[in-house]
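Scroll down for the structure; my scribbles are underneath it.
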Amino acid sequence: MKKILMSLLTSVFVAVVAVGATHAYFSDSVSLTGITFSSGNAALQISQVCQHEWFDNTVSQQGFNYNGTLYQGCQFNFGATDWYPGKEVQQALYLRNNSTEAISLDTTVQLKNYSQTNGLGNVMSMKIWWYGNATGTDWHPLSYYVSNPRALTTLTQGQATGYNIEMKMDPNAGNSYQGGTVNFDFYFDGTQSH
């Protein structure tokens, strides 16, 4: 009898605990909505020396130089006259970091879509230096810049920097280079600084 009574008491105790455990309390919740993350962008722009217009993407040399008020001193054109041994020409352009966020861009230059005849690119050399401190790349044959991007400067947000681009033809280039051509595109890259 004692065992039966103990068993009944245990069953009642378990039932009371079960009822208590399933008892619901008042509750409420609150939430915060409308959270959106968006990224800014890196924006490297290019302009001729007079900075009449800034270009965000690919621009042809003709488009680069087109402006109703553009005068001769603003044009960027290495191909206006024929090259000969010893000729040297200097042109200028600007790059600007127009990023939407406060990021700095490490800039490089490379030549792409490169082609040549008569090996002319091997006797044509290029050097790029910037106005800020007159330092830059060493002289290298044009063909070198195809597979060797060269570092320029780091541009902070909103900063524009001018670059002198000098080209020259080897004064010892012989007759075998006559009638040769070199075609290429300048490719400037801006990568966020780490």
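Residue numbers start at 1 in each chain; chains themselves are named A, B, ... in the order of the structure tokens; ligands are numbered from 1 in the order shown.
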
Per residue of stretch 49-119 of chain A within 7 Å of stretch 128-152 of chain A, note the shortest atom pair and the distance in Å to one decimal, counting only C-alpha atoms, and order the rows by chain and increasing residue number, as CSV.
```
residue,atom,partner,partner_atom,distance
A:Thr107,CA,A:Leu152,CA,5.3
A:Thr108,CA,A:Ala151,CA,4.3
A:Val109,CA,A:Arg150,CA,5.4
A:Gln110,CA,A:Pro149,CA,4.6
A:Leu111,CA,A:Val146,CA,4.7
A:Lys112,CA,A:Val146,CA,6.0
```

Given the selection you just returned, output its residues as a file containing N, CA and C atoms, formatted as an mmCIF file, in the first residue's frame.
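After the write, result-v4.cif holds the following:
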```cif
data_model
loop_
_atom_site.group_PDB
_atom_site.id
_atom_site.type_symbol
_atom_site.label_atom_id
_atom_site.label_comp_id
_atom_site.auth_asym_id
_atom_site.auth_seq_id
_atom_site.Cartn_x
_atom_site.Cartn_y
_atom_site.Cartn_z
ATOM 1 N N THR A 107 48.195 53.398 -58.407
ATOM 2 C CA THR A 107 48.031 53.416 -59.858
ATOM 3 C C THR A 107 49.219 52.772 -60.565
ATOM 4 N N THR A 108 48.915 52.135 -61.687
ATOM 5 C CA THR A 108 49.944 51.535 -62.542
ATOM 6 C C THR A 108 49.622 51.872 -63.985
ATOM 7 N N VAL A 109 50.629 51.728 -64.845
ATOM 8 C CA VAL A 109 50.442 51.903 -66.282
ATOM 9 C C VAL A 109 50.975 50.673 -66.998
ATOM 10 N N GLN A 110 50.285 50.292 -68.060
ATOM 11 C CA GLN A 110 50.678 49.147 -68.873
ATOM 12 C C GLN A 110 50.228 49.427 -70.305
ATOM 13 N N LEU A 111 50.889 48.823 -71.268
ATOM 14 C CA LEU A 111 50.458 48.932 -72.654
ATOM 15 C C LEU A 111 49.704 47.664 -73.038
ATOM 16 N N LYS A 112 48.558 47.820 -73.668
ATOM 17 C CA LYS A 112 47.741 46.682 -74.105
ATOM 18 C C LYS A 112 47.425 46.823 -75.585
#
```

Which residues come within 12 Å of stretch 94-104 of chain A, counting only C-alpha atoms, excluding same-chain residues fewer than 2 positions away, as a compact mmCIF listing (two decimals) with C-alpha atoms, in the first residue's frame?
```txt
# COMPACT_ATOMS: atom_id res chain seq x y z
CA SER A 38 26.02 49.10 -50.01
CA SER A 39 29.55 49.39 -51.22
CA GLY A 40 31.16 52.47 -52.67
CA ASN A 41 33.29 52.31 -55.77
CA ALA A 42 36.81 52.92 -56.95
CA ALA A 43 36.75 55.48 -59.75
CA LEU A 44 39.93 56.31 -61.65
CA GLN A 45 39.51 59.08 -64.22
CA ILE A 46 41.75 60.44 -66.98
CA SER A 47 42.02 63.89 -68.55
CA GLN A 48 44.27 65.80 -70.92
CA VAL A 49 46.64 68.35 -69.43
CA CYS A 50 44.09 71.21 -69.49
CA GLN A 51 41.57 69.02 -67.63
CA HIS A 52 38.64 70.24 -69.74
CA GLU A 53 36.85 66.91 -69.35
CA TRP A 54 37.33 63.83 -67.16
CA PHE A 55 36.73 60.37 -68.61
CA ASP A 56 35.63 57.41 -66.49
CA ASN A 57 36.12 54.59 -68.95
CA PHE A 64 40.21 62.43 -75.46
CA CYS A 74 46.02 70.59 -74.46
CA PHE A 76 47.64 64.46 -76.30
CA GLN A 91 53.11 64.72 -73.60
CA ALA A 92 51.12 65.20 -70.40
CA ASP A 106 47.65 52.67 -56.16
CA THR A 107 48.03 53.42 -59.86
CA THR A 108 49.94 51.54 -62.54
CA VAL A 109 50.44 51.90 -66.28
CA ILE A 128 56.69 58.32 -67.19
CA TRP A 129 57.15 60.72 -64.30
CA TRP A 130 54.76 62.77 -62.22
CA TYR A 131 54.76 66.45 -61.48
CA GLY A 132 54.64 66.09 -57.69
CA LEU A 152 52.97 55.26 -60.63
CA THR A 153 51.65 57.07 -57.55
CA THR A 154 49.04 56.55 -54.85
CA LEU A 155 46.10 58.91 -55.25
CA THR A 156 43.92 59.82 -52.27
CA GLN A 157 40.21 60.44 -52.74
CA GLY A 158 39.71 63.55 -54.88
CA GLN A 159 43.41 63.88 -55.75
CA ALA A 160 44.47 64.57 -59.34
CA THR A 161 48.08 64.16 -60.44
CA GLY A 162 49.76 65.10 -63.69
CA TYR A 163 52.10 62.77 -65.53
CA ASN A 164 54.68 63.53 -68.18
CA ILE A 165 55.02 60.74 -70.70
CA TYR A 187 45.98 51.09 -69.65
CA PHE A 188 45.96 52.82 -66.27
CA ASP A 189 44.83 50.77 -63.30
CA GLY A 190 43.81 51.98 -59.84
CA THR A 191 43.67 49.41 -57.03
CA GLN A 192 42.64 50.22 -53.48
CA SER A 193 45.67 50.67 -51.22
CA HIS A 194 46.03 48.18 -48.39
```

Backbone DSSP call of alpha helix (DSSP H) for chain A, listed as a PyMOL selection string:
chain A and resi 2-21+61-65+144-147

Point-to-point distance in Å for atom CA of A:Gly86 and atom CA of A:Gly63
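Taking atom CA of A:Gly63 as the start and atom CA of A:Gly86 as the end point, the length is 29.5 Å.
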
Check stretch 5-180 of chain A with DSSP on the backbone and list each residue it calls strand (DSSP E), as a ChimeraX atom specification.
/A:44-48,88-97,105-116,124-130,140-141,150-155,160-169

For the residues in the current selection, export C-alpha atoms as a CSV table (one decimal), in the first residue's frame.
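The result, stored in out.csv:
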```
chain,number,residue,atom,x,y,z
A,44,LEU,CA,39.9,56.3,-61.7
A,45,GLN,CA,39.5,59.1,-64.2
A,46,ILE,CA,41.8,60.4,-67.0
A,47,SER,CA,42.0,63.9,-68.6
A,48,GLN,CA,44.3,65.8,-70.9
A,88,GLU,CA,62.0,62.7,-78.5
A,89,VAL,CA,58.4,63.9,-77.6
A,90,GLN,CA,56.9,64.7,-74.3
A,91,GLN,CA,53.1,64.7,-73.6
A,92,ALA,CA,51.1,65.2,-70.4
A,93,LEU,CA,47.9,63.8,-68.9
A,94,TYR,CA,46.2,63.7,-65.6
A,95,LEU,CA,44.7,60.9,-63.5
A,96,ARG,CA,42.2,61.5,-60.7
A,97,ASN,CA,40.8,59.4,-57.9
A,105,LEU,CA,44.2,54.1,-55.2
A,106,ASP,CA,47.6,52.7,-56.2
A,107,THR,CA,48.0,53.4,-59.9
A,108,THR,CA,49.9,51.5,-62.5
A,109,VAL,CA,50.4,51.9,-66.3
A,110,GLN,CA,50.7,49.1,-68.9
A,111,LEU,CA,50.5,48.9,-72.7
A,112,LYS,CA,47.7,46.7,-74.1
A,113,ASN,CA,46.6,45.7,-77.6
A,114,TYR,CA,50.2,46.1,-78.6
A,115,SER,CA,51.4,45.4,-82.1
A,116,GLN,CA,54.5,46.4,-84.1
A,124,MET,CA,61.2,53.2,-79.1
A,125,SER,CA,61.5,53.9,-75.4
A,126,MET,CA,59.1,55.4,-72.8
A,127,LYS,CA,59.5,57.1,-69.4
A,128,ILE,CA,56.7,58.3,-67.2
A,129,TRP,CA,57.2,60.7,-64.3
A,130,TRP,CA,54.8,62.8,-62.2
A,140,HIS,CA,62.2,51.1,-71.1
A,141,PRO,CA,61.4,49.9,-74.6
A,150,ARG,CA,54.8,50.0,-63.8
A,151,ALA,CA,53.8,51.6,-60.5
A,152,LEU,CA,53.0,55.3,-60.6
A,153,THR,CA,51.6,57.1,-57.5
A,154,THR,CA,49.0,56.6,-54.8
A,155,LEU,CA,46.1,58.9,-55.2
A,160,ALA,CA,44.5,64.6,-59.3
A,161,THR,CA,48.1,64.2,-60.4
A,162,GLY,CA,49.8,65.1,-63.7
A,163,TYR,CA,52.1,62.8,-65.5
A,164,ASN,CA,54.7,63.5,-68.2
A,165,ILE,CA,55.0,60.7,-70.7
A,166,GLU,CA,58.2,60.9,-72.7
A,167,MET,CA,58.9,58.8,-75.8
A,168,LYS,CA,62.1,58.7,-77.8
A,169,MET,CA,63.5,56.7,-80.7
```

Give the answer as one residue: which of A:Tyr66, A:Tyr177, A:Tyr25, A:Phe37 has the shortest atom-to-atom distance to A:Gly121, using only C-alpha atoms?
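Closest to A:Gly121 of all the choices is A:Tyr177.
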
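Interatomic distance, atom CA of A:Ser60 to atom CA of A:Ala173: 29.4 Å.
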